[in-house]
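The structure appears right after this line, and notes come after that.
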Amino acid sequence: IGGRQVTRKGYAVNAHAFVELLTPTGVTISTARSEPQMWTKAPHWDETIDLVGATSSHDVMRVSLYHQKSRQVVGITSSPKETPDRFIGEVVLPLKTLLIRDAVIAEGGEIVGWFPLTDTRGLRQGTPRPRPPKLGFC
């Protein structure tokens with residue numbers, strides 16, 4: 001997972017990804033959290049995240065980015081990792097959109113896509129952005 005133009009109030013972030021596997025009705029099946037990437041506008045996570053329990057291609061993967069204060073990342077202070085006031089944005093993808101087979105994609109080939117971060121749940125509370133950040137998967 002990687003990001004482009006990821007900022008909070010115009011500044012670089014200490015971002016981590018909170019990944020959820022959800023049923024089509026929004027019930028949580030499985031979750032995972034990435035390590036934080038510090039002081040960056042282009043976070044990159046070279047991590048493998050395993051979400052187990054999917055039962056349907058209609059299940060949904062939601063990847064939400066959150067900012068943490070530097071003091072939290074290094075362990076000086078503690079607070080919940082995912083709070084609405086630290087929300088950056090999210091990408092919501094039905095699993096069926098990731099299950100693509102095509103002659104132009106080699107067996108075992110990577111599928112890469114960039115998706116704009118959105119705020120469908122209204123967690124940013126109307127805070128505007130100069131440019132929409134994007135999240136990429138491969």
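Each chain in the structure tokens gets a letter, A, B and so on, in the order shown; residues start at 1 in every chain, and ligands are counted from 1 in the order they appear.
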
For Met38 in chain A: contacts at 7 Å, only C-alpha atoms, fewer than 3 positions along chain excluded, given as a list in words: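 The residues satisfying every condition are Val13, Asn14 and Ala15 of chain A.
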
What lies within 10 Å of Thr97 in chain A using only C-alpha atoms, ignoring chain neighbours under 5 positions off, as number ranges by chain? A: 57-58, 60

For the residues selected in the previous step, produce a file with all heavy atoms as a PDB file, in the first residue's frame.
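Here's the written file part24.pdb:
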```pdb
ATOM      1  N   SER A  57     -17.592 -12.717  -2.645  1.00  0.00           N
ATOM      2  CA  SER A  57     -16.914 -11.691  -3.441  1.00  0.00           C
ATOM      3  C   SER A  57     -17.581 -10.333  -3.257  1.00  0.00           C
ATOM      4  O   SER A  57     -17.057  -9.319  -3.696  1.00  0.00           O
ATOM      5  CB  SER A  57     -16.900 -12.076  -4.917  1.00  0.00           C
ATOM      6  OG  SER A  57     -18.222 -12.143  -5.423  1.00  0.00           O
ATOM      7  N   HIS A  58     -18.728 -10.321  -2.580  1.00  0.00           N
ATOM      8  CA  HIS A  58     -19.417  -9.057  -2.300  1.00  0.00           C
ATOM      9  C   HIS A  58     -18.950  -8.424  -0.992  1.00  0.00           C
ATOM     10  O   HIS A  58     -19.347  -7.298  -0.685  1.00  0.00           O
ATOM     11  CB  HIS A  58     -20.937  -9.274  -2.265  1.00  0.00           C
ATOM     12  CG  HIS A  58     -21.487  -9.734  -3.574  1.00  0.00           C
ATOM     13  ND1 HIS A  58     -21.647  -8.898  -4.657  1.00  0.00           N
ATOM     14  CD2 HIS A  58     -21.879 -10.955  -3.998  1.00  0.00           C
ATOM     15  CE1 HIS A  58     -22.117  -9.577  -5.680  1.00  0.00           C
ATOM     16  NE2 HIS A  58     -22.273 -10.838  -5.308  1.00  0.00           N
ATOM     17  N   VAL A  60     -16.330  -6.466   1.455  1.00  0.00           N
ATOM     18  CA  VAL A  60     -15.695  -5.194   1.136  1.00  0.00           C
ATOM     19  C   VAL A  60     -14.413  -5.031   1.947  1.00  0.00           C
ATOM     20  O   VAL A  60     -14.367  -5.388   3.127  1.00  0.00           O
ATOM     21  CB  VAL A  60     -16.669  -4.036   1.466  1.00  0.00           C
ATOM     22  CG1 VAL A  60     -16.030  -2.687   1.263  1.00  0.00           C
ATOM     23  CG2 VAL A  60     -17.939  -4.147   0.635  1.00  0.00           C
TER      24      VAL A  60
END
```

Could you pull the residues within 12 Å of Thr55 in chain A, counting only C-alpha atoms, minus those fewer than 5 positions along the same chain, as a PyMOL selection string? chain A and resi 21-24+29-30+60+95-96

Residue neighbourhood Pro43 in chain A, 9 Å, only C-alpha atoms, exclusion window fewer than 2 positions, as a JSON list (two decimals) with C-alpha atoms, in the first residue's frame:
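out-v4.json, written as the output of this step:
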```
[["chain", "number", "residue", "atom", "x", "y", "z"],
["A", 1, "ILE", "CA", 0.00, 0.00, 0.00],
["A", 2, "GLY", "CA", 1.29, 3.45, -0.81],
["A", 3, "GLY", "CA", 0.00, 7.00, -0.84],
["A", 4, "ARG", "CA", 0.46, 10.20, -2.81],
["A", 6, "VAL", "CA", -1.24, 12.51, 1.79],
["A", 13, "VAL", "CA", 1.79, 13.04, 8.30],
["A", 14, "ASN", "CA", 2.65, 10.14, 10.56],
["A", 15, "ALA", "CA", 0.22, 7.83, 8.81],
["A", 16, "HIS", "CA", -0.88, 4.30, 9.48],
["A", 36, "PRO", "CA", 3.18, 4.06, 11.04],
["A", 37, "GLN", "CA", 5.15, 5.92, 8.38],
["A", 38, "MET", "CA", 6.57, 9.11, 9.88],
["A", 39, "TRP", "CA", 6.84, 12.66, 8.49],
["A", 40, "THR", "CA", 5.82, 11.88, 4.93],
["A", 41, "LYS", "CA", 3.41, 12.98, 2.21],
["A", 45, "TRP", "CA", 3.98, 0.15, 3.48]]
```

I need the residue nearest Gly26 in chain A from this list: A:Asp50, A:Lys81, A:Phe87, A:Met61. Use only C-alpha atoms for the distance. A:Met61

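Put simply, CA of Val91 in chain A is 24.4 Å away from CA of Gln72 in chain A.
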
When DSSP is applied to the backbone of this structure, which of range 23-114 of chain A are assigned helix (DSSP H, G or I)? Write them out as a list in words. Ser70, Arg71, Gln72, Val73, Pro84, Asp85, Arg86, Leu95, Lys96 and Thr97 of chain A
